[in-house]
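Heads up, data31.pdb below (PDB, C-alpha atoms):
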```
ATOM      1  CA  MET O  97     108.624  82.638  76.171
ATOM      2  CA  LYS O  98     110.481  85.639  74.789
ATOM      3  CA  ALA O  99     110.095  88.981  76.548
ATOM      4  CA  ALA O 100     111.649  92.443  76.436
ATOM      5  CA  VAL O 101     112.967  92.955  79.960
ATOM      6  CA  PHE O 102     113.755  96.412  81.353
ATOM      7  CA  TYR O 103     116.835  96.470  83.614
ATOM      8  CA  GLY O 104     117.522 100.204  83.882
ATOM      9  CA  PRO O 105     117.388 103.441  81.905
ATOM     10  CA  ARG O 106     117.659 102.640  78.175
ATOM     11  CA  ASP O 107     118.514  99.029  78.993
ATOM     12  CA  VAL O 108     115.918  96.670  77.484
ATOM     13  CA  ARG O 109     117.006  93.122  76.632
ATOM     14  CA  VAL O 110     115.043  90.452  74.795
ATOM     15  CA  GLU O 111     115.492  87.135  76.541
ATOM     16  CA  GLU O 112     113.785  83.885  77.472
ATOM     17  CA  VAL O 113     111.659  83.989  80.622
ATOM     18  CA  GLU O 114     109.081  81.648  82.100
ATOM     19  CA  THR O 115     105.656  81.681  80.501
ATOM     20  CA  PRO O 116     103.152  82.872  83.136
ATOM     21  CA  THR O 117     101.519  80.118  85.193
ATOM     22  CA  LEU O 118      97.765  80.434  85.565
ATOM     23  CA  LEU O 119      95.776  80.262  88.776
ATOM     24  CA  ALA O 120      92.076  79.439  88.924
ATOM     25  CA  GLY O 121      90.059  81.827  86.763
ATOM     26  CA  ASP O 122      93.107  83.317  85.021
ATOM     27  CA  VAL O 123      93.427  83.772  81.265
ATOM     28  CA  LEU O 124      96.552  83.593  79.094
ATOM     29  CA  ILE O 125      96.709  85.814  76.016
ATOM     30  CA  ARG O 126      99.078  85.441  73.098
ATOM     31  CA  ILE O 127     100.151  89.004  72.291
ATOM     32  CA  ARG O 128      99.719  90.135  68.689
ATOM     33  CA  ALA O 129     100.415  93.845  69.150
ATOM     34  CA  CYS O 130     101.487  96.009  72.095
ATOM     35  CA  GLY O 131     101.818  99.788  72.133
ATOM     36  CA  ILE O 132     104.535 101.756  73.894
ATOM     37  CA  CYS O 133     102.831 104.134  76.325
ATOM     38  CA  GLY O 134     104.132 107.467  77.558
ATOM     39  CA  SER O 135     104.435 105.955  81.038
ATOM     40  CA  ASP O 136     106.587 103.179  79.527
ATOM     41  CA  LEU O 137     108.849 105.892  78.126
ATOM     42  CA  HIS O 138     109.209 107.518  81.553
ATOM     43  CA  THR O 139     110.390 104.143  82.833
ATOM     44  CA  TYR O 140     112.633 103.516  79.842
ATOM     45  CA  LYS O 141     114.327 106.930  80.028
ATOM     46  CA  HIS O 142     114.638 107.447  83.767
ATOM     47  CA  GLY O 143     113.585 104.309  85.621
ATOM     48  CA  LEU O 144     110.401 105.990  86.876
ATOM     49  CA  PHE O 145     107.118 104.247  87.729
ATOM     50  CA  LEU O 146     108.595 100.757  88.002
ATOM     51  CA  GLU O 147     105.325  99.504  89.456
ATOM     52  CA  LEU O 148     103.907  99.710  85.916
ATOM     53  CA  GLY O 149     106.039  96.731  84.892
ATOM     54  CA  ALA O 150     105.661  93.045  85.709
ATOM     55  CA  PRO O 151     108.606  91.763  87.816
ATOM     56  CA  VAL O 152     110.714  89.030  86.235
ATOM     57  CA  ASN O 153     114.195  87.900  87.313
ATOM     58  CA  SER O 154     115.885  91.154  88.359
ATOM     59  CA  GLY O 155     114.023  93.294  85.812
ATOM     60  CA  ARG O 156     110.541  94.291  84.681
ATOM     61  CA  ILE O 157     108.456  93.555  81.609
ATOM     62  CA  LEU O 158     106.722  96.736  80.485
ATOM     63  CA  GLY O 159     103.699  97.144  78.231
ATOM     64  CA  HIS O 160      99.978  97.371  79.020
ATOM     65  CA  GLU O 161      98.306  98.463  75.746
ATOM     66  CA  PHE O 162      97.776  95.258  73.819
ATOM     67  CA  SER O 163      95.627  92.873  71.826
ATOM     68  CA  GLY O 164      95.906  89.179  71.092
ATOM     69  CA  ASP O 165      94.306  85.741  71.230
ATOM     70  CA  VAL O 166      93.066  83.732  74.188
ATOM     71  CA  VAL O 167      95.245  80.598  74.284
ATOM     72  CA  GLU O 168      94.480  79.163  77.739
ATOM     73  CA  ILE O 169      91.792  79.521  80.384
ATOM     74  CA  SER O 170      92.200  78.076  83.870
ATOM     75  CA  GLY O 171      88.745  76.735  84.576
ATOM     76  CA  GLU O 172      85.907  78.691  83.007
ATOM     77  CA  VAL O 173      85.494  82.413  82.384
ATOM     78  CA  GLU O 174      82.046  83.415  81.227
ATOM     79  CA  GLY O 175      81.917  84.551  77.610
ATOM     80  CA  LEU O 176      85.485  83.536  76.794
ATOM     81  CA  LYS O 177      86.916  80.626  74.872
ATOM     82  CA  VAL O 178      90.294  79.687  73.461
ATOM     83  CA  GLY O 179      90.833  81.373  70.112
ATOM     84  CA  ASP O 180      88.913  84.569  70.895
ATOM     85  CA  ARG O 181      90.444  87.812  69.572
ATOM     86  CA  VAL O 182      90.601  90.204  72.513
ATOM     87  CA  THR O 183      92.063  93.306  74.083
ATOM     88  CA  SER O 184      92.540  93.859  77.789
ATOM     89  CA  ILE O 185      94.780  95.425  80.417
ATOM     90  CA  ASN O 186      97.656  94.169  82.548
ATOM     91  CA  PHE O 187     101.343  94.847  82.881
ATOM     92  CA  GLY O 188     104.021  92.790  81.176
ATOM     93  CA  ALA O 189     102.750  92.702  77.581
ATOM     94  CA  ASN O 190     106.138  93.327  75.912
ATOM     95  CA  ALA O 191     106.266  89.563  75.617
ATOM     96  CA  GLU O 192     104.809  86.654  73.714
ATOM     97  CA  TYR O 193     102.206  85.996  76.409
ATOM     98  CA  VAL O 194     100.555  87.906  79.229
ATOM     99  CA  ARG O 195      98.494  86.574  82.118
ATOM    100  CA  ILE O 196      95.189  88.215  83.007
ATOM    101  CA  PRO O 197      94.458  87.453  86.683
ATOM    102  CA  ALA O 198      90.924  86.366  87.546
ATOM    103  CA  PRO O 199      89.916  89.710  89.139
ATOM    104  CA  ILE O 200      90.841  91.555  85.919
ATOM    105  CA  THR O 201      89.071  89.220  83.462
ATOM    106  CA  PRO O 202      85.979  91.508  83.319
ATOM    107  CA  ALA O 203      88.331  93.877  81.457
ATOM    108  CA  ILE O 204      88.823  91.370  78.611
ATOM    109  CA  PHE O 205      86.883  92.597  75.587
ATOM    110  CA  HIS O 206      86.228  90.788  72.318
ATOM    111  CA  LEU O 207      87.495  92.518  69.207
ATOM    112  CA  PRO O 208      84.829  93.351  66.644
ATOM    113  CA  PRO O 209      85.653  91.937  63.179
ATOM    114  CA  GLU O 210      86.131  95.521  61.937
ATOM    115  CA  VAL O 211      88.971  96.213  64.420
ATOM    116  CA  SER O 212      92.462  94.888  63.727
ATOM    117  CA  TYR O 213      94.961  93.750  66.362
ATOM    118  CA  GLU O 214      97.020  96.858  65.600
ATOM    119  CA  GLU O 215      94.122  99.264  66.117
ATOM    120  CA  ALA O 216      93.033  97.411  69.244
ATOM    121  CA  ALA O 217      96.478  97.949  70.755
ATOM    122  CA  THR O 218      95.581 101.663  70.823
ATOM    123  CA  ASN O 219      92.264 101.081  72.609
ATOM    124  CA  GLU O 220      93.603 101.661  76.117
ATOM    125  CA  PRO O 221      94.991 105.148  75.380
ATOM    126  CA  LEU O 222      91.794 105.995  73.489
ATOM    127  CA  ALA O 223      89.819 105.068  76.616
ATOM    128  CA  ASN O 224      92.055 107.495  78.538
ATOM    129  CA  SER O 225      91.148 110.221  76.053
ATOM    130  CA  ILE O 226      87.435 109.417  76.405
ATOM    131  CA  HIS O 227      87.720 109.700  80.189
ATOM    132  CA  ALA O 228      89.467 113.088  79.955
ATOM    133  CA  VAL O 229      86.889 114.497  77.548
ATOM    134  CA  GLY O 230      84.072 113.173  79.712
ATOM    135  CA  LEU O 231      85.428 115.045  82.742
ATOM    136  CA  ALA O 232      85.472 118.314  80.785
ATOM    137  CA  GLY O 233      81.974 117.895  79.347
ATOM    138  CA  PRO O 234      82.453 119.904  76.115
ATOM    139  CA  VAL O 235      79.433 121.421  74.422
ATOM    140  CA  ASP O 236      78.917 122.769  70.932
ATOM    141  CA  GLY O 237      80.483 126.162  70.273
ATOM    142  CA  GLU O 238      83.193 125.987  72.926
ATOM    143  CA  THR O 239      86.880 126.639  72.320
ATOM    144  CA  VAL O 240      89.296 123.932  73.442
ATOM    145  CA  VAL O 241      93.091 123.865  73.704
ATOM    146  CA  VAL O 242      94.953 120.548  73.688
ATOM    147  CA  ILE O 243      98.547 120.849  74.919
ATOM    148  CA  GLY O 244     100.539 117.819  73.772
ATOM    149  CA  ALA O 245      99.782 115.933  70.570
ATOM    150  CA  GLY O 246     100.969 112.481  71.512
ATOM    151  CA  ILE O 247      98.644 109.487  71.370
ATOM    152  CA  ILE O 248      96.469 110.759  74.261
ATOM    153  CA  GLY O 249      96.238 114.333  72.991
ATOM    154  CA  LEU O 250      95.461 113.180  69.466
ATOM    155  CA  GLY O 251      92.872 110.830  70.946
ATOM    156  CA  VAL O 252      91.310 113.802  72.744
ATOM    157  CA  ILE O 253      90.952 115.522  69.362
ATOM    158  CA  GLN O 254      89.327 112.403  67.888
ATOM    159  CA  VAL O 255      86.875 112.109  70.772
ATOM    160  CA  LEU O 256      86.034 115.823  70.671
ATOM    161  CA  LYS O 257      85.248 115.547  66.954
ATOM    162  CA  ALA O 258      82.995 112.577  67.694
ATOM    163  CA  VAL O 259      80.978 114.117  70.540
ATOM    164  CA  ALA O 260      80.737 117.902  70.001
ATOM    165  CA  SER O 261      81.318 120.762  67.577
ATOM    166  CA  THR O 262      84.160 122.720  69.162
ATOM    167  CA  LYS O 263      86.999 124.935  67.976
ATOM    168  CA  ILE O 264      90.210 123.010  68.670
ATOM    169  CA  ILE O 265      93.648 124.587  69.140
ATOM    170  CA  VAL O 266      96.595 122.207  69.536
ATOM    171  CA  VAL O 267     100.032 122.967  71.005
ATOM    172  CA  ASP O 268     103.100 120.773  70.589
ATOM    173  CA  LEU O 269     106.806 120.887  69.734
ATOM    174  CA  SER O 270     106.655 118.359  66.885
ATOM    175  CA  ASP O 271     105.681 119.460  63.386
ATOM    176  CA  LYS O 272     104.838 115.843  62.540
ATOM    177  CA  ARG O 273     102.382 115.545  65.399
ATOM    178  CA  LEU O 274     100.899 118.973  64.715
ATOM    179  CA  ALA O 275     100.362 117.944  61.086
ATOM    180  CA  MET O 276      98.496 114.878  62.335
ATOM    181  CA  ALA O 277      96.423 117.100  64.634
ATOM    182  CA  LYS O 278      95.396 119.166  61.603
ATOM    183  CA  GLN O 279      94.595 115.981  59.701
ATOM    184  CA  LEU O 280      92.322 114.895  62.547
ATOM    185  CA  GLY O 281      90.427 118.181  62.456
ATOM    186  CA  ALA O 282      92.249 120.694  64.662
ATOM    187  CA  ASP O 283      91.391 124.244  63.628
ATOM    188  CA  VAL O 284      94.689 125.836  64.688
ATOM    189  CA  VAL O 285      98.073 124.363  65.586
ATOM    190  CA  ILE O 286     100.856 126.115  67.484
ATOM    191  CA  ASN O 287     104.475 124.980  67.596
ATOM    192  CA  ALA O 288     105.665 125.991  71.062
ATOM    193  CA  ALA O 289     109.276 125.889  69.857
ATOM    194  CA  SER O 290     108.696 128.971  67.716
ATOM    195  CA  GLU O 291     105.702 130.739  69.305
ATOM    196  CA  ASP O 292     104.568 131.508  72.846
ATOM    197  CA  PRO O 293     101.439 129.362  73.222
ATOM    198  CA  TYR O 294      99.786 131.677  75.746
ATOM    199  CA  GLN O 295     100.299 134.822  73.679
ATOM    200  CA  LYS O 296      99.209 133.055  70.495
ATOM    201  CA  VAL O 297      96.033 131.793  72.170
ATOM    202  CA  LEU O 298      95.269 135.339  73.324
ATOM    203  CA  GLU O 299      95.623 136.526  69.711
ATOM    204  CA  ILE O 300      93.285 133.801  68.474
ATOM    205  CA  THR O 301      90.613 133.837  71.187
ATOM    206  CA  GLY O 302      90.784 137.367  72.568
ATOM    207  CA  SER O 303      92.121 138.764  75.818
ATOM    208  CA  THR O 304      90.075 139.563  78.929
ATOM    209  CA  PRO O 305      91.670 141.528  81.795
ATOM    210  CA  ILE O 306      91.050 139.906  85.178
ATOM    211  CA  SER O 307      91.011 142.122  88.256
ATOM    212  CA  PHE O 308      93.524 141.137  90.929
ATOM    213  CA  ALA O 309      95.303 138.876  88.413
ATOM    214  CA  ASP O 310      98.656 139.435  86.735
ATOM    215  CA  GLN O 311      97.736 138.116  83.293
ATOM    216  CA  PRO O 312      94.647 138.504  81.144
ATOM    217  CA  ALA O 313      92.605 135.391  80.414
ATOM    218  CA  GLY O 314      92.144 133.897  76.984
ATOM    219  CA  GLY O 315      88.788 132.989  75.551
ATOM    220  CA  VAL O 316      89.291 129.266  76.115
ATOM    221  CA  ASP O 317      86.580 127.141  77.700
ATOM    222  CA  ILE O 318      88.617 123.955  78.206
ATOM    223  CA  VAL O 319      92.334 123.125  78.258
ATOM    224  CA  PHE O 320      93.643 119.559  78.251
ATOM    225  CA  ASP O 321      97.238 119.218  79.488
ATOM    226  CA  CYS O 322      98.406 116.084  77.713
ATOM    227  CA  ALA O 323     102.085 117.089  77.779
ATOM    228  CA  GLY O 324     103.222 117.361  81.380
ATOM    229  CA  VAL O 325     106.715 118.314  82.466
ATOM    230  CA  SER O 326     109.731 116.273  81.429
ATOM    231  CA  ARG O 327     113.049 116.423  83.248
ATOM    232  CA  GLU O 328     114.392 118.412  80.287
ATOM    233  CA  HIS O 329     111.486 120.883  80.191
ATOM    234  CA  ALA O 330     112.404 124.583  80.314
ATOM    235  CA  GLY O 331     110.031 127.495  80.750
ATOM    236  CA  PRO O 332     106.657 127.606  82.471
ATOM    237  CA  PRO O 333     105.005 124.255  83.185
ATOM    238  CA  THR O 334     102.326 123.307  80.688
ATOM    239  CA  LEU O 335      99.751 123.266  83.482
ATOM    240  CA  GLN O 336     100.644 126.886  84.283
ATOM    241  CA  GLN O 337     100.112 127.786  80.625
ATOM    242  CA  ALA O 338      96.735 126.039  80.732
ATOM    243  CA  LEU O 339      95.666 128.034  83.810
ATOM    244  CA  MET O 340      96.699 131.274  82.103
ATOM    245  CA  MET O 341      94.864 130.496  78.848
ATOM    246  CA  VAL O 342      91.527 129.414  80.279
ATOM    247  CA  LYS O 343      88.691 131.913  80.809
ATOM    248  CA  GLU O 344      86.901 132.606  84.063
ATOM    249  CA  ASN O 345      85.004 129.539  85.271
ATOM    250  CA  GLY O 346      86.728 127.463  82.589
ATOM    251  CA  ARG O 347      87.852 123.853  82.910
ATOM    252  CA  VAL O 348      91.378 122.442  82.902
ATOM    253  CA  VAL O 349      91.958 118.692  82.667
ATOM    254  CA  LEU O 350      95.372 117.391  83.739
ATOM    255  CA  VAL O 351      95.972 114.162  81.809
ATOM    256  CA  ALA O 352      99.753 114.023  81.576
ATOM    257  CA  VAL O 353     102.205 112.437  83.974
ATOM    258  CA  SER O 354     105.184 114.639  84.864
ATOM    259  CA  GLU O 355     108.717 113.398  85.385
ATOM    260  CA  ARG O 356     109.545 115.843  88.175
ATOM    261  CA  PRO O 357     107.860 118.172  90.644
ATOM    262  CA  PHE O 358     107.370 121.772  89.531
ATOM    263  CA  GLU O 359     106.280 125.095  90.987
ATOM    264  CA  LEU O 360     102.774 126.290  90.161
ATOM    265  CA  GLU O 361     101.211 129.718  90.665
ATOM    266  CA  THR O 362      97.831 128.680  92.009
ATOM    267  CA  ASN O 363      96.189 132.114  92.341
ATOM    268  CA  ALA O 364      94.765 131.784  88.838
ATOM    269  CA  ILE O 365      92.772 128.733  89.937
ATOM    270  CA  MET O 366      91.232 130.662  92.805
ATOM    271  CA  ARG O 367      90.780 134.028  91.106
ATOM    272  CA  LYS O 368      89.235 132.712  87.880
ATOM    273  CA  GLY O 369      87.199 129.994  89.527
ATOM    274  CA  VAL O 370      88.925 127.369  87.390
ATOM    275  CA  ARG O 371      87.624 123.829  87.659
ATOM    276  CA  LEU O 372      90.722 121.622  87.644
ATOM    277  CA  PHE O 373      90.245 117.897  86.980
ATOM    278  CA  GLY O 374      92.796 115.140  87.338
ATOM    279  CA  SER O 375      92.236 112.463  84.708
ATOM    280  CA  TRP O 376      93.518 108.981  85.452
ATOM    281  CA  ALA O 377      92.801 105.885  83.352
ATOM    282  CA  TRP O 378      89.219 104.956  82.459
ATOM    283  CA  SER O 379      86.155 102.940  83.400
ATOM    284  CA  LEU O 380      85.157  99.626  81.819
ATOM    285  CA  ASP O 381      82.341 101.452  80.028
ATOM    286  CA  GLU O 382      84.860 103.897  78.554
ATOM    287  CA  PHE O 383      87.096 101.012  77.477
ATOM    288  CA  ALA O 384      84.093  99.549  75.643
ATOM    289  CA  GLN O 385      83.220 102.955  74.166
ATOM    290  CA  ALA O 386      86.718 103.188  72.679
ATOM    291  CA  LEU O 387      86.233  99.892  70.855
ATOM    292  CA  GLU O 388      82.838 101.018  69.602
ATOM    293  CA  LEU O 389      84.246 104.292  68.251
ATOM    294  CA  MET O 390      86.735 102.270  66.219
ATOM    295  CA  ARG O 391      84.196  99.641  65.146
ATOM    296  CA  SER O 392      81.743 102.294  63.936
ATOM    297  CA  GLY O 393      84.418 104.178  62.008
ATOM    298  CA  LYS O 394      83.862 107.374  64.000
ATOM    299  CA  VAL O 395      87.506 107.195  65.047
ATOM    300  CA  ASP O 396      90.336 105.964  62.807
ATOM    301  CA  ARG O 397      93.383 104.896  64.787
ATOM    302  CA  LYS O 398      95.291 103.293  61.914
ATOM    303  CA  GLN O 399      96.708 106.651  60.838
ATOM    304  CA  LEU O 400      98.321 107.145  64.260
ATOM    305  CA  ILE O 401     100.408 103.962  64.044
ATOM    306  CA  THR O 402     103.692 105.079  62.502
ATOM    307  CA  HIS O 403     106.026 102.169  63.309
ATOM    308  CA  GLU O 404     105.852  98.422  63.992
ATOM    309  CA  PHE O 405     108.741  96.333  65.323
ATOM    310  CA  PRO O 406     109.168  92.649  66.117
ATOM    311  CA  LEU O 407     109.837  91.784  69.737
ATOM    312  CA  ASP O 408     113.505  91.098  68.970
ATOM    313  CA  ARG O 409     113.892  94.817  68.153
ATOM    314  CA  ALA O 410     112.175  96.109  71.293
ATOM    315  CA  ARG O 411     114.993  98.465  72.254
ATOM    316  CA  GLU O 412     114.880 100.029  68.782
ATOM    317  CA  ALA O 413     111.124 100.383  69.174
ATOM    318  CA  TYR O 414     111.569 102.319  72.428
ATOM    319  CA  GLU O 415     114.269 104.531  70.947
ATOM    320  CA  THR O 416     111.993 105.291  68.005
ATOM    321  CA  GLN O 417     109.045 106.168  70.257
ATOM    322  CA  LEU O 418     111.280 108.768  71.935
ATOM    323  CA  LYS O 419     111.619 110.643  68.624
ATOM    324  CA  ALA O 420     108.570 112.909  68.483
ATOM    325  CA  GLU O 421     109.512 114.213  65.033
ATOM    326  CA  GLU O 422     109.450 110.685  63.624
ATOM    327  CA  ALA O 423     106.951 108.662  65.622
ATOM    328  CA  ILE O 424     103.425 108.952  66.921
ATOM    329  CA  LYS O 425     102.526 105.430  67.993
ATOM    330  CA  VAL O 426     105.023 102.580  67.952
ATOM    331  CA  LEU O 427     103.842  98.986  68.254
ATOM    332  CA  ILE O 428     105.790  95.890  69.262
ATOM    333  CA  LYS O 429     104.496  92.728  67.580
ATOM    334  CA  PRO O 430     105.815  89.511  69.164
TER     335      PRO O 430
END
```
Could I get this structure in the form of structure tokens?
Amino acid sequence: MKAAVFYGPRDVRVEEVETPTLLAGDVLIRIRACGICGSDLHTYKHGLFLELGAPVNSGRILGHEFSGDVVEISGEVEGLKVGDRVTSINFGANAEYVRIPAPITPAIFHLPPEVSYEEAATNEPLANSIHAVGLAGPVDGETVVVIGAGIIGLGVIQVLKAVASTKIIVVDLSDKRLAMAKQLGADVVINAASEDPYQKVLEITGSTPISFADQPAGGVDIVFDCAGVSREHAGPPTLQQALMMVKENGRVVLVAVSERPFELETNAIMRKGVRLFGSWAWSLDEFAQALELMRSGKVDRKQLITHEFPLDRAREAYETQLKAEEAIKVLIKP
């Protein structure tokens, strides 16, 4: 089969590799669409998180957000048959086929007729957004800041709009992504390239002096850090900004992966009684909820897909996904 194989930073080559061999209970899926995740970009740019790729030859096949058709089942898997349209999770989906090992087959979900292959390839990041929002537990009337308007941050906005009536402020560096945030229902957007997000949030939500604290708190109930710290990042870490913005007894959800360690002033967590949640992945129920949000029309993911590339142009796809002013979600379609 053909696959896009990662060999090192910015070195992805499309070549012939062996089609996965199935063991008892495994399922083989013919990939129809695969998204490029932020974690894939960390690998592509810097060679980080190599364990998120499937080993092949001396390289790795990236990709874990995908949809496709069941083409082979080794033995029997309850509820599945050849020809089923599905989405699932495993590494190595920047290829024509991906193997789902028997222990992971409970994470194979049928696609509703209303959900296209392209939309379904965004289901995994939407499930991440659902998990993050669930940790925060938003209620009507609260003010929420989303830092980072990539596919996860935009998904957080979509989920918030589906589950509660909140005021949403979004921070990013990309005008294109901020425009999409507004389109999805954000009340205020802030371009951090031209405005100080913390000071702007204080202007919008009000400022409350905190005794024994250096900075006043904003009137923010929840902050989602969906940006993280890149190797090129200058200025205070986004998580530090989140801790400064949030009110006493507020909630901060760390969703983003960072490319390097950073210093953090932790006194704000202690002094303000901040509840800090780490958000990683999702549950099977949340994966199913993501599909249902798309099936019901409560969430429209089509508008987030800005580019589609054939597998032969995988390197171009990755380079495009790096361009935040041009791309939101890039799909590879073998």
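Applied to this file, the PyMOL selection byres ((chain O and resi 197) around 9) selects O:Leu118, O:Leu119, O:Ala120, O:Gly121, O:Asp122, O:Val123, O:Leu124, O:Asn186, O:Arg195, O:Ile196, O:Ala198, O:Pro199, O:Ile200, O:Thr201.
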For the residues in that selection, give me C-alpha atoms as a PDB file, keeping the file's coordinate frame.
```
ATOM      1  CA  LEU O 118      97.765  80.434  85.565  1.00  0.00           C
ATOM      2  CA  LEU O 119      95.776  80.262  88.776  1.00  0.00           C
ATOM      3  CA  ALA O 120      92.076  79.439  88.924  1.00  0.00           C
ATOM      4  CA  GLY O 121      90.059  81.827  86.763  1.00  0.00           C
ATOM      5  CA  ASP O 122      93.107  83.317  85.021  1.00  0.00           C
ATOM      6  CA  VAL O 123      93.427  83.772  81.265  1.00  0.00           C
ATOM      7  CA  LEU O 124      96.552  83.593  79.094  1.00  0.00           C
ATOM      8  CA  ASN O 186      97.656  94.169  82.548  1.00  0.00           C
ATOM      9  CA  ARG O 195      98.494  86.574  82.118  1.00  0.00           C
ATOM     10  CA  ILE O 196      95.189  88.215  83.007  1.00  0.00           C
ATOM     11  CA  ALA O 198      90.924  86.366  87.546  1.00  0.00           C
ATOM     12  CA  PRO O 199      89.916  89.710  89.139  1.00  0.00           C
ATOM     13  CA  ILE O 200      90.841  91.555  85.919  1.00  0.00           C
ATOM     14  CA  THR O 201      89.071  89.220  83.462  1.00  0.00           C
TER      15      THR O 201
END
```
For Ile253 in chain O, please output as a list in words all residues within 9 Å (counting all atoms listed in the file; exclusion window: fewer than 3 positions along the same chain).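 Near Ile253 in chain O, the qualifying residues are Ser225, Val242, Ala245, Ile248, Gly249, Leu250, Leu256, Lys257, Ala258, Ile264, Val266, Ala277, Leu280, Gly281 and Ala282 of chain O.
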For the file shown, what are the residues hit by the PyMOL selection byres ((chain O and resi 126) around 6), laid out as a PyMOL selection string? chain O and resi 125+127+164-165+192-193
Residue neighbourhood Ala413 in chain O, 9 Å, all atoms listed in the file, exclusion window fewer than 3 positions, as a PDB file with C-alpha atoms, in the frame of the given file:
```pdb
ATOM      1  CA  ILE O 132     104.535 101.756  73.894  1.00  0.00           C
ATOM      2  CA  HIS O 403     106.026 102.169  63.309  1.00  0.00           C
ATOM      3  CA  GLU O 404     105.852  98.422  63.992  1.00  0.00           C
ATOM      4  CA  PHE O 405     108.741  96.333  65.323  1.00  0.00           C
ATOM      5  CA  PRO O 406     109.168  92.649  66.117  1.00  0.00           C
ATOM      6  CA  LEU O 407     109.837  91.784  69.737  1.00  0.00           C
ATOM      7  CA  ARG O 409     113.892  94.817  68.153  1.00  0.00           C
ATOM      8  CA  ALA O 410     112.175  96.109  71.293  1.00  0.00           C
ATOM      9  CA  THR O 416     111.993 105.291  68.005  1.00  0.00           C
ATOM     10  CA  GLN O 417     109.045 106.168  70.257  1.00  0.00           C
ATOM     11  CA  LEU O 418     111.280 108.768  71.935  1.00  0.00           C
ATOM     12  CA  VAL O 426     105.023 102.580  67.952  1.00  0.00           C
ATOM     13  CA  LEU O 427     103.842  98.986  68.254  1.00  0.00           C
ATOM     14  CA  ILE O 428     105.790  95.890  69.262  1.00  0.00           C
TER      15      ILE O 428
END
```
Non-local contacts of Phe162 in chain O (9 Å; only C-alpha atoms; under 2 positions in same chain excluded) as a PyMOL selection string: chain O and resi 127-131+159-160+164+182-186+189-190+213-214+216-220
The PyMOL selection byres ((chain O and resi 391) around 12) - which residues does that actually catch in the file I just gave you? List them as JSON, numbers by chain. {"O": [206, 207, 208, 209, 210, 211, 212, 215, 216, 219, 384, 385, 386, 387, 388, 389, 390, 392, 393, 394, 395, 396, 397]}
Write a file of the just-selected residues containing C-alpha atoms, as a PDB file, in the frame of the given file.
```
ATOM      1  CA  HIS O 206      86.228  90.788  72.318  1.00  0.00           C
ATOM      2  CA  LEU O 207      87.495  92.518  69.207  1.00  0.00           C
ATOM      3  CA  PRO O 208      84.829  93.351  66.644  1.00  0.00           C
ATOM      4  CA  PRO O 209      85.653  91.937  63.179  1.00  0.00           C
ATOM      5  CA  GLU O 210      86.131  95.521  61.937  1.00  0.00           C
ATOM      6  CA  VAL O 211      88.971  96.213  64.420  1.00  0.00           C
ATOM      7  CA  SER O 212      92.462  94.888  63.727  1.00  0.00           C
ATOM      8  CA  GLU O 215      94.122  99.264  66.117  1.00  0.00           C
ATOM      9  CA  ALA O 216      93.033  97.411  69.244  1.00  0.00           C
ATOM     10  CA  ASN O 219      92.264 101.081  72.609  1.00  0.00           C
ATOM     11  CA  ALA O 384      84.093  99.549  75.643  1.00  0.00           C
ATOM     12  CA  GLN O 385      83.220 102.955  74.166  1.00  0.00           C
ATOM     13  CA  ALA O 386      86.718 103.188  72.679  1.00  0.00           C
ATOM     14  CA  LEU O 387      86.233  99.892  70.855  1.00  0.00           C
ATOM     15  CA  GLU O 388      82.838 101.018  69.602  1.00  0.00           C
ATOM     16  CA  LEU O 389      84.246 104.292  68.251  1.00  0.00           C
ATOM     17  CA  MET O 390      86.735 102.270  66.219  1.00  0.00           C
ATOM     18  CA  SER O 392      81.743 102.294  63.936  1.00  0.00           C
ATOM     19  CA  GLY O 393      84.418 104.178  62.008  1.00  0.00           C
ATOM     20  CA  LYS O 394      83.862 107.374  64.000  1.00  0.00           C
ATOM     21  CA  VAL O 395      87.506 107.195  65.047  1.00  0.00           C
ATOM     22  CA  ASP O 396      90.336 105.964  62.807  1.00  0.00           C
ATOM     23  CA  ARG O 397      93.383 104.896  64.787  1.00  0.00           C
TER      24      ARG O 397
END
```
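If only C-alpha atoms are the atoms counted, then among O:Ile243, O:Gly230, O:Val113, O:Ile424 the closest residue to Ala275 in chain O is O:Ile424.
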Excluding Asp268 in chain O and residues on its chain fewer than 3 positions from it, collect all residues at most 12 Å away from it, counting only C-alpha atoms, and give them as a ChimeraX atom specification. /O:241-246,249-250,265,271-278,284-293,321-324,334,420-421
Glu238 in chain O surroundings by all atoms listed in the file, 8 Å radius, close-in-sequence under 3 positions cut, as a short mmCIF file (atom, residue, chain, number, x, y, z; two decimals) with C-alpha atoms, in the frame of the given file:
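File around.cif, as written:
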```cif
data_model
loop_
_atom_site.label_atom_id
_atom_site.label_comp_id
_atom_site.auth_asym_id
_atom_site.auth_seq_id
_atom_site.Cartn_x
_atom_site.Cartn_y
_atom_site.Cartn_z
CA PRO O 234 82.45 119.90 76.11
CA VAL O 235 79.43 121.42 74.42
CA SER O 261 81.32 120.76 67.58
CA THR O 262 84.16 122.72 69.16
CA LYS O 263 87.00 124.94 67.98
CA VAL O 316 89.29 129.27 76.11
CA ASP O 317 86.58 127.14 77.70
CA ILE O 318 88.62 123.96 78.21
#
```
How many Å lie between CA of Thr117 in chain O and CA of Arg156 in chain O, rounded to one decimal? 16.8 Å
Would you mind reading off the distance between CA of Gly302 in chain O and CA of Lys368 in chain O, one decimal, in Å? 16.1 Å
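Taking CA of Asp408 in chain O and CA of Ala100 in chain O as endpoints, the distance between them is 7.8 Å.
Closest approach to Phe373 in chain O among O:Val267, O:Ala99, O:Val229, O:Val259: O:Val229, based on all atoms listed in the file.
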Among listed residues O:Leu400, O:Leu176, O:Val110, O:Leu222, nearest Phe383 in chain O (using only C-alpha atoms):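 The shortest atom-to-atom distance to Phe383 in chain O comes from O:Leu222.
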